[in-house]
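> This is input.txt (compact mmCIF, C-alpha atoms and all ligand atoms).
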```
# COMPACT_ATOMS: atom_id res chain seq x y z
CA MET Z 1 -19.97 -1.36 17.56
CA SER Z 2 -21.00 2.23 16.90
CA ASP Z 3 -24.51 3.68 17.22
CA LYS Z 4 -26.79 2.80 14.34
CA ALA Z 5 -26.92 5.84 12.07
CA GLU Z 6 -30.40 7.32 11.80
CA ASN Z 7 -29.62 9.90 9.17
CA VAL Z 8 -27.39 8.67 6.39
CA PRO Z 9 -25.58 11.47 4.52
CA GLU Z 10 -26.63 11.66 0.88
CA HIS Z 11 -23.04 12.33 -0.25
CA ILE Z 12 -19.84 11.25 1.52
CA ALA Z 13 -16.43 12.36 0.24
CA ILE Z 14 -13.21 10.73 1.48
CA ILE Z 15 -9.57 11.82 1.34
CA MET Z 16 -8.00 8.36 1.48
CA ASP Z 17 -4.68 9.24 3.10
CA GLY Z 18 -1.92 7.37 4.94
CA ASN Z 19 -1.18 4.41 2.67
CA GLY Z 20 2.56 5.16 2.67
CA ARG Z 21 2.75 5.54 6.45
CA TRP Z 22 0.77 2.32 6.92
CA ALA Z 23 3.38 0.49 4.83
CA LYS Z 24 6.33 2.22 6.50
CA GLU Z 25 5.10 1.21 9.96
CA ARG Z 26 5.26 -2.40 8.75
CA GLY Z 27 8.63 -2.09 7.03
CA LEU Z 28 6.96 -2.56 3.63
CA PRO Z 29 7.39 -0.57 0.39
CA ARG Z 30 4.84 2.24 -0.07
CA VAL Z 31 3.12 0.42 -2.91
CA GLN Z 32 2.04 -2.30 -0.48
CA GLY Z 33 0.15 0.39 1.40
CA HIS Z 34 -1.65 1.39 -1.78
CA ARG Z 35 -2.46 -2.26 -2.42
CA ALA Z 36 -3.89 -2.64 1.09
CA GLY Z 37 -5.84 0.59 0.56
CA ALA Z 38 -7.65 -0.98 -2.38
CA GLU Z 39 -9.35 -3.41 0.04
CA SER Z 40 -10.58 -0.43 2.10
CA VAL Z 41 -12.05 1.04 -1.08
CA ARG Z 42 -13.93 -2.19 -1.74
CA GLU Z 43 -15.29 -2.22 1.81
CA ALA Z 44 -16.27 1.48 1.79
CA VAL Z 45 -18.16 1.05 -1.49
CA ALA Z 46 -20.00 -2.02 -0.20
CA ALA Z 47 -20.88 -0.33 3.10
CA CYS Z 48 -22.11 2.91 1.47
CA SER Z 49 -24.14 0.91 -0.99
CA GLU Z 50 -25.78 -1.11 1.79
CA LEU Z 51 -26.36 1.91 4.06
CA GLY Z 52 -28.18 3.79 1.30
CA VAL Z 53 -25.61 6.55 0.70
CA LYS Z 54 -26.40 7.99 -2.75
CA TYR Z 55 -22.96 9.44 -3.66
CA LEU Z 56 -19.46 8.47 -2.56
CA THR Z 57 -16.53 10.53 -3.85
CA LEU Z 58 -13.07 9.04 -3.30
CA TYR Z 59 -9.94 11.17 -3.70
CA ALA Z 60 -7.65 8.61 -5.29
CA PHE Z 61 -5.03 10.74 -7.09
CA SER Z 62 -4.50 14.49 -6.93
CA SER Z 63 -3.07 16.90 -9.50
CA GLU Z 64 -0.10 17.28 -7.13
CA ASN Z 65 0.42 13.51 -6.86
CA TRP Z 66 1.90 13.62 -10.41
CA ASN Z 67 4.96 15.16 -8.70
CA ARG Z 68 5.75 11.92 -6.82
CA PRO Z 69 8.60 9.68 -8.05
CA LYS Z 70 7.74 8.11 -11.42
CA ALA Z 71 7.92 4.58 -10.00
CA GLU Z 72 5.19 5.36 -7.46
CA VAL Z 73 3.00 7.13 -10.04
CA ASP Z 74 3.36 4.17 -12.41
CA ALA Z 75 2.53 1.71 -9.64
CA LEU Z 76 -0.58 3.72 -8.67
CA MET Z 77 -1.79 3.83 -12.28
CA LYS Z 78 -1.27 0.08 -12.71
CA LEU Z 79 -3.08 -0.55 -9.43
CA LEU Z 80 -6.01 1.61 -10.51
CA GLU Z 81 -6.30 -0.21 -13.82
CA ARG Z 82 -6.13 -3.61 -12.12
CA PHE Z 83 -8.64 -2.56 -9.47
CA LEU Z 84 -11.13 -1.45 -12.11
CA LYS Z 85 -10.62 -4.61 -14.14
CA ASP Z 86 -11.06 -6.89 -11.10
CA LYS Z 87 -13.83 -5.00 -9.33
CA THR Z 88 -16.12 -3.96 -12.16
CA PRO Z 89 -18.20 -7.18 -11.90
CA GLU Z 90 -18.76 -6.46 -8.20
CA ILE Z 91 -19.60 -2.81 -8.96
CA LEU Z 92 -22.18 -4.02 -11.48
CA SER Z 93 -23.65 -6.64 -9.14
CA LYS Z 94 -24.11 -3.99 -6.43
CA ASN Z 95 -25.99 -1.66 -8.83
CA VAL Z 96 -23.21 0.95 -8.42
CA ARG Z 97 -22.80 3.63 -11.08
CA LEU Z 98 -19.16 4.62 -11.61
CA GLN Z 99 -18.16 8.20 -12.49
CA ALA Z 100 -14.85 10.10 -12.51
CA ILE Z 101 -13.83 13.73 -11.99
CA GLY Z 102 -10.48 15.32 -12.80
CA ARG Z 103 -8.14 15.64 -15.77
CA ILE Z 104 -8.82 12.10 -16.95
CA ASP Z 105 -7.09 12.84 -20.27
CA LEU Z 106 -3.75 12.88 -18.38
CA LEU Z 107 -4.07 9.23 -17.27
CA PRO Z 108 -2.06 6.60 -19.19
CA GLU Z 109 -4.04 5.33 -22.16
CA SER Z 110 -4.67 1.75 -20.98
CA CYS Z 111 -5.82 3.03 -17.60
CA ARG Z 112 -8.12 5.60 -19.20
CA LYS Z 113 -9.59 2.96 -21.51
CA GLN Z 114 -10.36 0.62 -18.62
CA LEU Z 115 -11.88 3.50 -16.66
CA ASN Z 116 -14.15 4.48 -19.55
CA LYS Z 117 -15.13 0.85 -20.06
CA SER Z 118 -16.09 0.49 -16.38
CA ILE Z 119 -17.98 3.79 -16.44
CA GLU Z 120 -19.91 2.84 -19.58
CA SER Z 121 -20.81 -0.63 -18.33
CA SER Z 122 -22.28 0.79 -15.11
CA ALA Z 123 -24.07 3.76 -16.70
CA GLU Z 124 -27.58 2.30 -16.30
CA ASN Z 125 -27.17 1.48 -12.59
CA ASP Z 126 -29.21 3.56 -10.17
CA GLY Z 127 -27.84 2.58 -6.76
CA LEU Z 128 -24.80 4.25 -5.22
CA THR Z 129 -22.91 6.66 -7.51
CA LEU Z 130 -19.18 6.11 -6.94
CA ILE Z 131 -17.15 9.11 -8.09
CA LEU Z 132 -13.40 8.63 -8.40
CA ALA Z 133 -11.39 11.86 -8.19
CA LEU Z 134 -8.42 11.10 -10.45
CA SER Z 135 -5.76 13.58 -11.51
CA TYR Z 136 -8.09 15.90 -9.64
CA GLY Z 137 -7.37 19.34 -8.20
CA GLY Z 138 -9.95 21.76 -6.84
CA ARG Z 139 -8.12 24.80 -8.19
CA GLU Z 140 -7.80 23.20 -11.63
CA GLU Z 141 -11.52 22.40 -11.57
CA ILE Z 142 -12.37 26.01 -10.71
CA ILE Z 143 -10.10 27.30 -13.50
CA ASP Z 144 -11.72 24.89 -15.99
CA GLY Z 145 -15.11 26.14 -14.74
CA VAL Z 146 -14.10 29.77 -15.27
CA LYS Z 147 -12.97 28.96 -18.83
CA SER Z 148 -16.26 27.19 -19.51
CA VAL Z 149 -18.30 30.17 -18.22
CA LEU Z 150 -16.15 32.51 -20.31
CA ARG Z 151 -16.87 30.49 -23.45
CA ALA Z 152 -20.61 30.56 -22.68
CA VAL Z 153 -20.43 34.37 -22.39
CA GLN Z 154 -18.37 34.72 -25.59
CA ASP Z 155 -20.79 32.46 -27.47
CA GLY Z 156 -23.65 34.65 -26.29
CA HIS Z 157 -25.41 31.86 -24.30
CA ILE Z 158 -25.28 33.85 -21.05
CA ASP Z 159 -24.38 37.35 -19.93
CA GLU Z 160 -22.45 38.50 -16.87
CA ALA Z 161 -25.55 39.20 -14.78
CA MET Z 162 -26.48 35.50 -15.01
CA ILE Z 163 -23.29 34.33 -13.27
CA THR Z 164 -24.43 33.11 -9.85
CA PRO Z 165 -23.09 30.32 -7.60
CA GLU Z 166 -25.73 28.00 -9.10
CA LEU Z 167 -24.69 28.88 -12.66
CA PHE Z 168 -21.00 28.39 -11.84
CA ASP Z 169 -21.82 25.07 -10.20
CA SER Z 170 -23.24 23.87 -13.51
CA HIS Z 171 -19.81 24.42 -15.15
CA LEU Z 172 -17.86 22.24 -12.69
CA TYR Z 173 -16.84 18.58 -13.10
CA THR Z 174 -19.29 17.82 -10.28
CA ARG Z 175 -22.30 19.47 -11.96
CA TYR Z 176 -24.33 16.23 -11.83
CA PHE Z 177 -23.82 15.63 -8.10
CA PRO Z 178 -24.95 17.39 -4.92
CA ASP Z 179 -22.28 18.85 -2.60
CA PRO Z 180 -20.82 16.44 -0.03
CA ASP Z 181 -22.60 16.38 3.33
CA LEU Z 182 -19.72 14.66 5.10
CA MET Z 183 -16.01 14.80 4.26
CA ILE Z 184 -13.78 12.20 5.91
CA ARG Z 185 -9.98 12.34 5.97
CA THR Z 186 -7.88 9.47 7.27
CA SER Z 187 -4.34 9.54 8.72
CA GLY Z 188 -4.99 12.50 11.02
CA GLU Z 189 -4.07 15.28 8.59
CA MET Z 190 -6.30 18.33 8.94
CA ARG Z 191 -6.15 19.89 5.50
CA ILE Z 192 -8.10 19.84 2.26
CA SER Z 193 -5.12 19.19 -0.08
CA ASN Z 194 -6.87 20.74 -3.12
CA PHE Z 195 -9.97 18.51 -2.83
CA LEU Z 196 -13.41 19.86 -3.87
CA LEU Z 197 -12.59 23.42 -2.78
CA TRP Z 198 -15.88 24.85 -4.05
CA GLN Z 199 -18.13 21.96 -3.05
CA LEU Z 200 -16.97 21.56 0.57
CA SER Z 201 -18.24 25.03 1.60
CA TYR Z 202 -20.75 23.62 4.06
CA SER Z 203 -19.69 19.99 4.43
CA GLU Z 204 -19.10 18.53 7.88
CA PHE Z 205 -15.46 17.44 8.35
CA TYR Z 206 -14.45 14.26 10.16
CA VAL Z 207 -10.81 13.34 10.68
CA THR Z 208 -9.66 9.97 11.98
CA ARG Z 209 -6.08 9.10 12.92
CA LYS Z 210 -6.42 5.70 11.29
CA ASN Z 211 -4.52 5.25 8.05
CA TRP Z 212 -6.64 4.43 5.01
CA PRO Z 213 -5.69 0.70 4.82
CA ASP Z 214 -6.99 0.32 8.42
CA PHE Z 215 -10.29 2.10 7.69
CA ARG Z 216 -13.11 -0.41 8.10
CA ARG Z 217 -16.89 -0.41 7.93
CA ASN Z 218 -17.22 0.38 11.66
CA ASP Z 219 -15.03 3.48 11.14
CA LEU Z 220 -17.39 4.66 8.43
CA GLU Z 221 -20.36 4.02 10.73
CA GLU Z 222 -18.63 5.98 13.49
CA ALA Z 223 -18.12 8.92 11.11
CA ILE Z 224 -21.81 8.81 10.17
CA ALA Z 225 -22.81 8.65 13.85
CA GLU Z 226 -20.65 11.72 14.53
CA TYR Z 227 -22.23 13.46 11.52
CA ASN Z 228 -25.62 12.85 13.13
CA ARG Z 229 -24.46 14.65 16.28
CA ARG Z 230 -23.52 17.78 14.29
CA HIS Z 231 -25.80 20.78 13.89
CA ARG Z 232 -25.57 22.20 10.37
CA ARG Z 233 -26.38 25.90 10.55
CA TYR Z 234 -25.42 27.25 7.11
CA GLY Z 235 -24.73 30.64 8.66
CA LYS Z 236 -28.22 30.86 10.14
CA LEU Z 237 -29.26 30.58 13.78
C1 LIG D 1 -2.83 8.22 0.00
O1 LIG D 1 -1.75 7.75 0.72
C2 LIG D 1 -2.84 7.74 -1.44
C3 LIG D 1 -2.46 8.76 -2.42
C4 LIG D 1 -2.24 10.02 -2.17
C5 LIG D 1 -2.35 8.33 -3.81
P1 LIG D 1 -0.33 8.44 0.65
O2 LIG D 1 0.43 7.82 -0.47
O3 LIG D 1 -0.45 9.91 0.61
O4 LIG D 1 0.30 7.98 2.03
P2 LIG D 1 1.10 8.87 3.07
O5 LIG D 1 0.27 10.10 3.31
O6 LIG D 1 2.41 9.18 2.43
O7 LIG D 1 1.21 8.02 4.28
C1 LIG D 2 -4.30 13.87 -0.75
O1 LIG D 2 -3.30 13.19 -0.08
C2 LIG D 2 -4.55 13.24 -2.09
C3 LIG D 2 -5.17 11.92 -2.07
C4 LIG D 2 -5.55 11.26 -1.01
C5 LIG D 2 -5.37 11.32 -3.36
P1 LIG D 2 -1.78 13.67 -0.17
O2 LIG D 2 -1.00 12.73 0.67
O3 LIG D 2 -1.37 13.83 -1.57
O4 LIG D 2 -1.85 15.12 0.50
P2 LIG D 2 -0.77 15.94 1.31
O5 LIG D 2 0.48 15.95 0.47
O6 LIG D 2 -0.56 15.24 2.61
O7 LIG D 2 -1.39 17.28 1.51
MG MG D 3 -0.58 11.36 1.99
```
Show the structure stored in the file as structure tokens.
Ligand code: IPE
Ligand code: IPE
Ligand code: MG

Amino acid sequence: MSDKAENVPEHIAIIMDGNGRWAKERGLPRVQGHRAGAESVREAVAACSELGVKYLTLYAFSSENWNRPKAEVDALMKLLERFLKDKTPEILSKNVRLQAIGRIDLLPESCRKQLNKSIESSAENDGLTLILALSYGGREEIIDGVKSVLRAVQDGHIDEAMITPELFDSHLYTRYFPDPDLMIRTSGEMRISNFLLWQLSYSEFYVTRKNWPDFRRNDLEEAIAEYNRRHRRYGKL
């Protein structure tokens, strides 16, 4: 059992990686790894909700993941739709508010409909905000932000001198949420993979070798305990 966390991060972001390797190690098809990963999602949401984390962002599908074989993409989309359908009652009972970031318009229609339904039904909840990054890319988000700022300038709402980091922030998908305090990546990979490029500027990084389907509540608590041992300096002394 890990140390009890004294200081719970307000916002945790997770790159849920290693589902395919988890399956391969067991001689199973990759999709079984994604299926097993769904249980880790359930547990992470429940744990964050109970620990008093305010925001949890889960990287579930990247812009680049569209380049995987069609069968895997289709399976992931079906799994997402099923997960939302099955887990929305639990989300509601835990007072969780569901949100999504990314190019949601690119998701298959039935998946997008279920997502919007789940988001709408949880809109009044004020416990944990669960943000699913779907068809999400940090570079794409920044480009969309630049276009949005450009439109505001062209429409005469702002002028160039008003463009500050805070102003730009308000044009991003994540404008309603604070930046992540802690970013966790599973499966041992030490890269960002186009996740929240702007928002992770001063987040603490924690990498575990465990694959996502093996990530349990005690692993989350260990990451939070490690976060508490960090000294966030923000460039100061
Ligand atoms: C993470 O697991 C899930 C998604 C990216 C959708 P992977 O599918 O990337 O699994 P590995 O990294 O190949 O093991
Ligand atoms: C990052 O994992 C994306 C998600 C977890 C959704 P990937 O498996 O796609 O990243 P790379 O290819 O290892 O960088
Ligand atoms: Mg991967």
> Work out where the centre of an axis-aligned box around every listed atom of stretch 141-153 of chain Z lies and how long its edges are once 4 Å is added on each side; give both in Å to one decimal as AutoDock Vina command-line options.

```
--center_x -15.4 --center_y 28.4 --center_z -17.1 --size_x 18.5 --size_y 20.0 --size_z 20.7
```
> So, with only C-alpha atoms as the atoms that count, which of Z:Ile14, Z:Leu150, Z:Leu167, Z:Ala123 lies closest to Z:Val207?
Z:Ile14
> Write out as a VMD selection string each polymer residue (protein, DNA or RNA) that has an atom no more than 6 Å from ligand LIG 2 (chain D), with only C-alpha atoms and all ligand atoms counted.
chain Z and resid 15 to 17 59 to 62 65 193
> Just the residues within 12 Å of Z:Ile142, please, counting all atoms listed in the file, with nothing from its chain fewer than 4 positions along; format it as a short mmCIF file (atom, residue, chain, number, x, y, z; two decimals) with C-alpha atoms, in the frame of the given file.

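The file below, around.cif, is the result:
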```
data_model
loop_
_atom_site.label_atom_id
_atom_site.label_comp_id
_atom_site.auth_asym_id
_atom_site.auth_seq_id
_atom_site.Cartn_x
_atom_site.Cartn_y
_atom_site.Cartn_z
CA GLY Z 102 -10.48 15.32 -12.80
CA TYR Z 136 -8.09 15.90 -9.64
CA GLY Z 137 -7.37 19.34 -8.20
CA GLY Z 138 -9.95 21.76 -6.84
CA VAL Z 146 -14.10 29.77 -15.27
CA LYS Z 147 -12.97 28.96 -18.83
CA SER Z 148 -16.26 27.19 -19.51
CA VAL Z 149 -18.30 30.17 -18.22
CA PRO Z 165 -23.09 30.32 -7.60
CA PHE Z 168 -21.00 28.39 -11.84
CA ASP Z 169 -21.82 25.07 -10.20
CA SER Z 170 -23.24 23.87 -13.51
CA HIS Z 171 -19.81 24.42 -15.15
CA LEU Z 172 -17.86 22.24 -12.69
CA TYR Z 173 -16.84 18.58 -13.10
CA THR Z 174 -19.29 17.82 -10.28
CA ARG Z 175 -22.30 19.47 -11.96
CA ASN Z 194 -6.87 20.74 -3.12
CA PHE Z 195 -9.97 18.51 -2.83
CA LEU Z 196 -13.41 19.86 -3.87
CA LEU Z 197 -12.59 23.42 -2.78
CA TRP Z 198 -15.88 24.85 -4.05
CA GLN Z 199 -18.13 21.96 -3.05
#
```
> Measure the distance from atom CA of Z:Arg229 to atom CA of Z:Gly188 in Å and round it to one decimal.
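So the answer is 20.3 Å.
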> Can you write out as CSV which residues of chain Z fall within 9 Å of ligand MG 3 (chain D), alongside each residue's closest atom pair and its distance in Å to one decimal, counting only C-alpha atoms and all ligand atoms and ordering rows by chain and ascending residue number?

```
residue,atom,partner,partner_atom,distance
Z:Met16,CA,D:MG3,MG,8.0
Z:Asp17,CA,D:MG3,MG,4.7
Z:Gly18,CA,D:MG3,MG,5.1
Z:Asn19,CA,D:MG3,MG,7.0
Z:Gly20,CA,D:MG3,MG,7.0
Z:Arg21,CA,D:MG3,MG,8.1
Z:Ser187,CA,D:MG3,MG,7.9
Z:Glu189,CA,D:MG3,MG,8.4
```
> Could you tell me which of Z:Met77, Z:Ile104, Z:Cys48, Z:Ile158 comes closest to ligand LIG 1 (chain D) if we count all atoms listed in the file?
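Ranking Z:Met77, Z:Ile104, Z:Cys48, Z:Ile158 by distance to ligand LIG 1 (chain D), first place goes to Z:Met77.
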> Nearest to ligand LIG 1 (chain D): which of Z:Arg230, Z:Lys236, Z:Lys24, Z:Lys113 is it, counting only C-alpha atoms and all ligand atoms?
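Smallest separation from ligand LIG 1 (chain D) among the options: Z:Lys24.
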> Can you tell me how far atom CA of Z:Tyr227 sits from atom P2 of ligand LIG 1 (chain D), in Å to one decimal?
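For atom CA of Z:Tyr227 relative to atom P2 of ligand LIG 1 (chain D), the distance reads 25.2 Å.
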> Atom CA of Z:Ser40 and atom CA of Z:Leu128, how far apart in Å?
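Separation between atom CA of Z:Leu128 and atom CA of Z:Ser40: 16.7 Å.
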> Which one is closest to Z:Asp105: Z:Gln32, Z:Asn67, Z:Thr208, Z:Ser135? Count only C-alpha atoms.
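Distance minimum relative to Z:Asp105 lands on Z:Ser135.
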> Neighbouring residues of stretch 178-181 of chain Z were defined as those with any atom within 7 Å, considering only C-alpha atoms; residues of the same chain fewer than 3 positions away were excluded. Please report them as a PDB file with C-alpha atoms, in the frame of the given file.

```
ATOM      1  CA  PRO Z   9     -25.580  11.470   4.520  1.00  0.00           C
ATOM      2  CA  GLU Z  10     -26.630  11.660   0.880  1.00  0.00           C
ATOM      3  CA  HIS Z  11     -23.040  12.330  -0.250  1.00  0.00           C
ATOM      4  CA  ILE Z  12     -19.840  11.250   1.520  1.00  0.00           C
ATOM      5  CA  ALA Z  13     -16.430  12.360   0.240  1.00  0.00           C
ATOM      6  CA  GLN Z 199     -18.130  21.960  -3.050  1.00  0.00           C
ATOM      7  CA  LEU Z 200     -16.970  21.560   0.570  1.00  0.00           C
ATOM      8  CA  SER Z 203     -19.690  19.990   4.430  1.00  0.00           C
ATOM      9  CA  GLU Z 204     -19.100  18.530   7.880  1.00  0.00           C
TER      10      GLU Z 204
END
```
> Please check which residues have atoms at most 8 Å from (-15.1, -5.9, -5.1) in the file's coordinates, counting only C-alpha atoms, and write them as a PyMOL selection string.
chain Z and resi 42-43+46+86-91
> Nearest to ligand LIG 1 (chain D): which of Z:Thr186, Z:Asn228, Z:Thr129, Z:Gln99 is it, counting only C-alpha atoms and all ligand atoms?
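For ligand LIG 1 (chain D), the nearest of the candidates is Z:Thr186.
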> Using all atoms listed in the file, pick whichever of Z:Gly52, Z:His231, Z:Asp159, Z:Ile184 has the shortest atom-to-atom distance to Z:Asn211.
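Among Z:Gly52, Z:His231, Z:Asp159, Z:Ile184, it is Z:Ile184 that comes nearest to Z:Asn211.
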> I'd like the contact shell of Z:Leu130 - 8 Å cut-off, all atoms listed in the file, skipping same-chain residues fewer than 6 positions apart - returned as a ChimeraX atom specification.
/Z:45,55-58,96-99
> Excluding Z:Leu84 and its own-chain neighbours fewer than 6 positions away, which residues fall within 8 Å of it when counting only C-alpha atoms? Please give them as a PyMOL selection string.
chain Z and resi 114-115+118
